[in-house]
Amino acid sequence: MRMLINVAETVVADALRGIAAAHPDLTVDVANRVIVRRDAPVAGQVGIVSGGGSGHEPLHGGFVGPGMLSAACPGEVFTSPVPDQMLRAAAAVDSGAGVLFVVKNYTGDVLNFDMAAELAEDEGIRVAKVLVNDDVAVIDSLYTAGRRGTGATLFVEKIAGAAAEEGLPLERVEALARQVNENSRSFGVALSSVTTPAKGSPTFDLPSGELELGIGIHGEPGRERRPMMTSREIADFAVHTVLDDLTPRNPVLVLVNGMGATPLLELYGFSAEVQRVLGERRITVARTLVGNYVTSLDMAGASVTLCQVDGELLRLWDAPVSTPALRWGR
């Protein structure tokens with residue numbers, strides 16, 4: 001497998017140096033693996049901190065900036081960041097208003113963010129946490145106890161970031177983040193395996209002409225393997241599976257997310273099929289976002305995330321944001 005890298009051992013550090021060069025509005029600590037918005041801490045604002053293994057770009061570093069994350073902690077590829085990173089990030093963004101940790105439900109992330117919260121509180125930093133567990137494909141996996149955290153992470157980070165930008169207190173920002181997670185569900189499909197830099201070859205065997213339904217963002221197994229399906233058939237399966245678990249009474253935000261190697265041409269075609277299914281189910285769509293946002297390195301495939309929103313959540317979603325990967329309204 002050919003990869004555009006130097007050596008596997010420096011992949012994350014090399015990427016961080018590239019982020020620093022491309023985005024001078026961010027402060028990138030390459031040695032300590034922390035990305036911070038340059039104007040942090042912002043007086044009177046709750047700091048929003050997230051992180052996780054690298055390989056899911058632009059999650060999380062690509063979402064650092066006004067209106068979204070205050071800081072992100074990238075771990076090694078598909079490996080949780082360590083508590084020291086999270087503590088540095090919390091200290092860098094705490095203005096005295098407290099810090100919200102946004103944590104995807106993977107065992108390493110949960111344990112390390114819990115430890116970091118204890119360390120931060122020992123240093124006088126108020127910390128709240130929200131656990132993202134939106135994936136309906138499987139319960140319990142190689143990496144989790146309970147449901148995995150996937151595409152809804154973007155919705156949580158954006159809406160919590162907008163709430164913080166408005167100066168809302170920590171308790172309210174936390175409550176809104178929890179509301180977003182509780183009203184979000186996701187389902188993903190893999191058309192190919194994923195190749196990590198360390199291994200240099202596919203991490204699992206997916207024969208030509210087959211797909212994996214319900215795959216995780218690290219290449220974890222899904223619900224079942226089937227012969228290749230059309231975009232229409234995949235949308236039917238994925239959206240109905242999500243709606244079997246989420247019965248929206250309000251309009252929904254829709255994320256049609258690529259896993260890293262799926263072209264936008266295919267993603268937009270798939271999005272059209274997702275919209276068709278939602279229309280058939282009489283679900284009102286408030287906003288749609290299409291692109292590669294929560295990826296799995298070079299995996300081909302897509303995921304669908306729906307988030308039921310009320311007027312306040314929709315207003316916060318529409319609020320201005322300025323990050324490397326998500327920007328509007330500024």
# chains A, B, ... in the order shown; residues from 1 in each chain; ligands from 1

call {"tool": "select_by_dssp", "arguments": {"residues": "region 77-110 of chain A", "states": "helix (DSSP H, G or I)", "output": "short mmCIF file (atom, residue, chain, number, x, y, z; two decimals) with C-alpha atoms, in the first residue's frame"}}
result
data_model
loop_
_atom_site.label_atom_id
_atom_site.label_comp_id
_atom_site.auth_asym_id
_atom_site.auth_seq_id
_atom_site.Cartn_x
_atom_site.Cartn_y
_atom_site.Cartn_z
CA PRO A 83 -4.75 12.81 30.24
CA ASP A 84 -1.77 15.21 30.18
CA GLN A 85 -2.88 16.45 26.74
CA MET A 86 -6.42 17.00 27.95
CA LEU A 87 -5.23 18.79 31.09
CA ARG A 88 -3.02 21.13 29.02
CA ALA A 89 -5.95 21.86 26.71
CA ALA A 90 -8.32 22.56 29.61
CA ALA A 91 -5.80 24.89 31.26
CA ALA A 92 -5.20 26.72 27.97
CA VAL A 93 -8.88 27.50 27.37
CA THR A 107 -13.10 2.97 26.33
CA GLY A 108 -9.70 4.67 26.13
CA ASP A 109 -11.21 8.10 25.52
CA VAL A 110 -13.67 7.71 28.40
#

call {"tool": "select_by_dssp", "arguments": {"residues": "region 14-195 of chain A", "states": "strand (DSSP E)", "output": "ChimeraX atom specification"}}
result
/A:26-29,34-37,47-54,71-77,99-104,127-132,184-190

call {"tool": "closest_residue", "arguments": {"among": "A:Ser296, A:Asn133, A:Ser70, A:Ser201", "to": "Ala164 (chain A)", "atoms": "only C-alpha atoms"}}
result
A:Ser70

call {"tool": "closest_residue", "arguments": {"among": "A:Val321, A:Leu170, A:Ile5, A:Val304", "to": "Glu157 (chain A)", "atoms": "only C-alpha atoms"}}
result
A:Val321

call {"tool": "residues_around", "arguments": {"residues": "Gly167 (chain A)", "least_positions_apart": "2", "cutoff": "8 Å", "atoms": "only C-alpha atoms", "output": "VMD selection string"}}
result
chain A and resid 44 to 46 163 to 165 169

call {"tool": "residues_around", "arguments": {"residues": "Gly258 (chain A)", "least_positions_apart": "3", "cutoff": "9 Å", "atoms": "only C-alpha atoms", "output": "ChimeraX atom specification"}}
result
/A:261-264,267,290-296,299-303

call {"tool": "write_last_selection", "arguments": {"atoms": "N, CA, C and O atoms", "output": "compact mmCIF listing (two decimals), in the first residue's frame"}}
result
# COMPACT_ATOMS: atom_id res chain seq x y z
N ALA A 261 -12.52 7.95 1.77
CA ALA A 261 -12.12 7.65 0.40
C ALA A 261 -13.29 7.68 -0.59
O ALA A 261 -13.14 7.23 -1.71
N THR A 262 -14.42 8.21 -0.15
CA THR A 262 -15.59 8.24 -1.03
C THR A 262 -15.71 9.62 -1.67
O THR A 262 -15.80 10.63 -0.95
N PRO A 263 -15.71 9.74 -2.98
CA PRO A 263 -15.77 11.05 -3.65
C PRO A 263 -17.08 11.77 -3.36
O PRO A 263 -18.12 11.15 -3.12
N LEU A 264 -17.01 13.10 -3.43
CA LEU A 264 -18.21 13.90 -3.21
C LEU A 264 -19.30 13.58 -4.24
O LEU A 264 -20.49 13.65 -3.92
N LEU A 267 -21.08 10.85 -2.67
CA LEU A 267 -21.75 11.27 -1.44
C LEU A 267 -23.00 12.09 -1.73
O LEU A 267 -24.03 11.92 -1.06
N VAL A 290 -23.02 17.64 3.79
CA VAL A 290 -22.48 16.52 3.03
C VAL A 290 -20.97 16.69 2.90
O VAL A 290 -20.49 17.75 2.49
N GLY A 291 -20.21 15.65 3.24
CA GLY A 291 -18.77 15.72 3.06
C GLY A 291 -18.05 14.75 3.98
O GLY A 291 -18.66 13.98 4.73
N ASN A 292 -16.72 14.80 3.92
CA ASN A 292 -15.88 13.95 4.76
C ASN A 292 -15.56 14.71 6.04
O ASN A 292 -14.70 15.60 6.05
N TYR A 293 -16.22 14.36 7.14
CA TYR A 293 -16.07 15.08 8.40
C TYR A 293 -15.60 14.19 9.54
O TYR A 293 -14.85 14.63 10.40
N VAL A 294 -16.09 12.96 9.60
CA VAL A 294 -15.69 12.01 10.65
C VAL A 294 -15.23 10.76 9.92
O VAL A 294 -16.03 9.87 9.62
N THR A 295 -13.95 10.71 9.60
CA THR A 295 -13.45 9.74 8.64
C THR A 295 -12.73 8.57 9.32
O THR A 295 -12.54 8.54 10.53
N SER A 296 -12.32 7.64 8.51
CA SER A 296 -11.56 6.48 8.97
C SER A 296 -10.41 6.24 7.98
O SER A 296 -10.40 5.26 7.23
N MET A 299 -10.78 4.57 4.31
CA MET A 299 -11.94 3.70 4.13
C MET A 299 -12.92 4.30 3.13
O MET A 299 -13.22 5.49 3.18
N ALA A 300 -13.42 3.49 2.22
CA ALA A 300 -14.53 3.90 1.36
C ALA A 300 -15.83 3.53 2.06
O ALA A 300 -15.95 2.45 2.63
N GLY A 301 -16.78 4.45 2.00
CA GLY A 301 -18.06 4.21 2.66
C GLY A 301 -18.66 5.51 3.12
O GLY A 301 -18.17 6.60 2.80
N ALA A 302 -19.74 5.41 3.86
CA ALA A 302 -20.46 6.60 4.30
C ALA A 302 -21.25 6.29 5.56
O ALA A 302 -21.51 5.13 5.89
N SER A 303 -21.60 7.36 6.26
CA SER A 303 -22.49 7.23 7.41
C SER A 303 -23.57 8.29 7.31
O SER A 303 -23.40 9.32 6.67

call {"tool": "atom_distance", "arguments": {"atom1": "CA of Leu176 (chain A)", "atom2": "CA of Leu154 (chain A)"}}
result
13.7 Å

call {"tool": "atom_distance", "arguments": {"atom1": "CA of Glu212 (chain A)", "atom2": "CA of Leu191 (chain A)"}}
result
6.7 Å

call {"tool": "residues_around", "arguments": {"residues": "Ile125 (chain A)", "least_positions_apart": "4", "cutoff": "10 Å", "atoms": "only C-alpha atoms", "output": "VMD selection string"}}
result
chain A and resid 87 90 to 91 94 to 99 117 to 121

call {"tool": "write_last_selection", "arguments": {"atoms": "all heavy atoms", "output": "PDB file, in the first residue's frame"}}
result
ATOM      1  N   LEU A  87      -5.437  17.823  30.019  1.00  0.00           N
ATOM      2  CA  LEU A  87      -5.228  18.793  31.086  1.00  0.00           C
ATOM      3  C   LEU A  87      -4.617  20.078  30.523  1.00  0.00           C
ATOM      4  O   LEU A  87      -5.041  21.180  30.873  1.00  0.00           O
ATOM      5  CB  LEU A  87      -4.335  18.206  32.165  1.00  0.00           C
ATOM      6  CG  LEU A  87      -4.001  19.133  33.336  1.00  0.00           C
ATOM      7  CD1 LEU A  87      -5.271  19.583  34.050  1.00  0.00           C
ATOM      8  CD2 LEU A  87      -3.050  18.430  34.313  1.00  0.00           C
ATOM      9  N   ALA A  90      -7.368  21.926  28.692  1.00  0.00           N
ATOM     10  CA  ALA A  90      -8.315  22.562  29.609  1.00  0.00           C
ATOM     11  C   ALA A  90      -7.713  23.813  30.230  1.00  0.00           C
ATOM     12  O   ALA A  90      -8.377  24.862  30.329  1.00  0.00           O
ATOM     13  CB  ALA A  90      -8.732  21.570  30.691  1.00  0.00           C
ATOM     14  N   ALA A  91      -6.453  23.732  30.647  1.00  0.00           N
ATOM     15  CA  ALA A  91      -5.799  24.891  31.255  1.00  0.00           C
ATOM     16  C   ALA A  91      -5.650  26.037  30.255  1.00  0.00           C
ATOM     17  O   ALA A  91      -5.769  27.215  30.609  1.00  0.00           O
ATOM     18  CB  ALA A  91      -4.438  24.485  31.809  1.00  0.00           C
ATOM     19  N   ASP A  94      -9.404  27.645  29.754  1.00  0.00           N
ATOM     20  CA  ASP A  94     -10.267  27.991  30.886  1.00  0.00           C
ATOM     21  C   ASP A  94     -10.146  29.474  31.217  1.00  0.00           C
ATOM     22  O   ASP A  94      -9.064  29.954  31.553  1.00  0.00           O
ATOM     23  CB  ASP A  94      -9.907  27.160  32.111  1.00  0.00           C
ATOM     24  CG  ASP A  94     -10.778  27.506  33.302  1.00  0.00           C
ATOM     25  OD1 ASP A  94     -11.985  27.717  33.098  1.00  0.00           O
ATOM     26  OD2 ASP A  94     -10.250  27.579  34.433  1.00  0.00           O
ATOM     27  N   SER A  95     -11.266  30.183  31.123  1.00  0.00           N
ATOM     28  CA  SER A  95     -11.297  31.605  31.456  1.00  0.00           C
ATOM     29  C   SER A  95     -11.866  31.842  32.852  1.00  0.00           C
ATOM     30  O   SER A  95     -12.059  32.982  33.259  1.00  0.00           O
ATOM     31  CB  SER A  95     -12.164  32.353  30.429  1.00  0.00           C
ATOM     32  OG  SER A  95     -13.530  31.963  30.563  1.00  0.00           O
ATOM     33  N   GLY A  96     -12.151  30.743  33.545  1.00  0.00           N
ATOM     34  CA  GLY A  96     -12.834  30.830  34.823  1.00  0.00           C
ATOM     35  C   GLY A  96     -14.291  30.435  34.724  1.00  0.00           C
ATOM     36  O   GLY A  96     -14.965  30.266  35.740  1.00  0.00           O
ATOM     37  N   ALA A  97     -14.791  30.278  33.482  1.00  0.00           N
ATOM     38  CA  ALA A  97     -16.189  29.897  33.274  1.00  0.00           C
ATOM     39  C   ALA A  97     -16.378  28.391  33.222  1.00  0.00           C
ATOM     40  O   ALA A  97     -17.507  27.909  33.123  1.00  0.00           O
ATOM     41  CB  ALA A  97     -16.722  30.529  31.993  1.00  0.00           C
ATOM     42  N   GLY A  98     -15.276  27.637  33.263  1.00  0.00           N
ATOM     43  CA  GLY A  98     -15.359  26.183  33.218  1.00  0.00           C
ATOM     44  C   GLY A  98     -15.088  25.632  31.833  1.00  0.00           C
ATOM     45  O   GLY A  98     -14.985  26.381  30.851  1.00  0.00           O
ATOM     46  N   VAL A  99     -14.960  24.311  31.757  1.00  0.00           N
ATOM     47  CA  VAL A  99     -14.603  23.611  30.524  1.00  0.00           C
ATOM     48  C   VAL A  99     -15.524  22.415  30.346  1.00  0.00           C
ATOM     49  O   VAL A  99     -15.796  21.676  31.296  1.00  0.00           O
ATOM     50  CB  VAL A  99     -13.140  23.134  30.563  1.00  0.00           C
ATOM     51  CG1 VAL A  99     -12.795  22.289  29.343  1.00  0.00           C
ATOM     52  CG2 VAL A  99     -12.185  24.323  30.668  1.00  0.00           C
ATOM     53  N   ALA A 117     -10.286  15.058  33.857  1.00  0.00           N
ATOM     54  CA  ALA A 117     -11.236  15.898  34.583  1.00  0.00           C
ATOM     55  C   ALA A 117     -10.869  15.972  36.057  1.00  0.00           C
ATOM     56  O   ALA A 117     -10.932  17.053  36.683  1.00  0.00           O
ATOM     57  CB  ALA A 117     -12.654  15.351  34.410  1.00  0.00           C
ATOM     58  N   GLU A 118     -10.468  14.849  36.633  1.00  0.00           N
ATOM     59  CA  GLU A 118     -10.050  14.844  38.034  1.00  0.00           C
ATOM     60  C   GLU A 118      -8.814  15.710  38.232  1.00  0.00           C
ATOM     61  O   GLU A 118      -8.733  16.497  39.199  1.00  0.00           O
ATOM     62  CB  GLU A 118      -9.782  13.413  38.496  1.00  0.00           C
ATOM     63  CG  GLU A 118     -11.019  12.532  38.544  1.00  0.00           C
ATOM     64  CD  GLU A 118     -10.697  11.104  38.933  1.00  0.00           C
ATOM     65  OE1 GLU A 118      -9.517  10.833  39.279  1.00  0.00           O
ATOM     66  OE2 GLU A 118     -11.607  10.254  38.890  1.00  0.00           O
ATOM     67  N   LEU A 119      -7.844  15.602  37.332  1.00  0.00           N
ATOM     68  CA  LEU A 119      -6.627  16.405  37.436  1.00  0.00           C
ATOM     69  C   LEU A 119      -6.947  17.890  37.290  1.00  0.00           C
ATOM     70  O   LEU A 119      -6.390  18.735  38.001  1.00  0.00           O
ATOM     71  CB  LEU A 119      -5.625  15.975  36.360  1.00  0.00           C
ATOM     72  CG  LEU A 119      -5.068  14.561  36.480  1.00  0.00           C
ATOM     73  CD1 LEU A 119      -4.260  14.203  35.230  1.00  0.00           C
ATOM     74  CD2 LEU A 119      -4.200  14.430  37.730  1.00  0.00           C
ATOM     75  N   ALA A 120      -7.844  18.211  36.354  1.00  0.00           N
ATOM     76  CA  ALA A 120      -8.208  19.616  36.144  1.00  0.00           C
ATOM     77  C   ALA A 120      -8.899  20.187  37.371  1.00  0.00           C
ATOM     78  O   ALA A 120      -8.622  21.328  37.787  1.00  0.00           O
ATOM     79  CB  ALA A 120      -9.096  19.735  34.905  1.00  0.00           C
ATOM     80  N   GLU A 121      -9.796  19.424  37.947  1.00  0.00           N
ATOM     81  CA  GLU A 121     -10.511  19.911  39.124  1.00  0.00           C
ATOM     82  C   GLU A 121      -9.565  20.099  40.301  1.00  0.00           C
ATOM     83  O   GLU A 121      -9.742  21.017  41.109  1.00  0.00           O
ATOM     84  CB  GLU A 121     -11.654  18.959  39.457  1.00  0.00           C
ATOM     85  CG  GLU A 121     -12.812  19.096  38.449  1.00  0.00           C
ATOM     86  CD  GLU A 121     -13.809  17.963  38.486  1.00  0.00           C
ATOM     87  OE1 GLU A 121     -13.574  16.996  39.249  1.00  0.00           O
ATOM     88  OE2 GLU A 121     -14.814  18.037  37.753  1.00  0.00           O
TER      89      GLU A 121
END

call {"tool": "residues_around", "arguments": {"residues": "Leu313 (chain A)", "least_positions_apart": "2", "cutoff": "10 Å", "atoms": "only C-alpha atoms", "output": "number ranges by chain"}}
result
A: 155, 159-160, 162-163, 176-177, 179-180, 253, 307-311, 315-319

call {"tool": "atom_distance", "arguments": {"atom1": "CA of Ala22 (chain A)", "atom2": "CA of Phe78 (chain A)"}}
result
23.5 Å
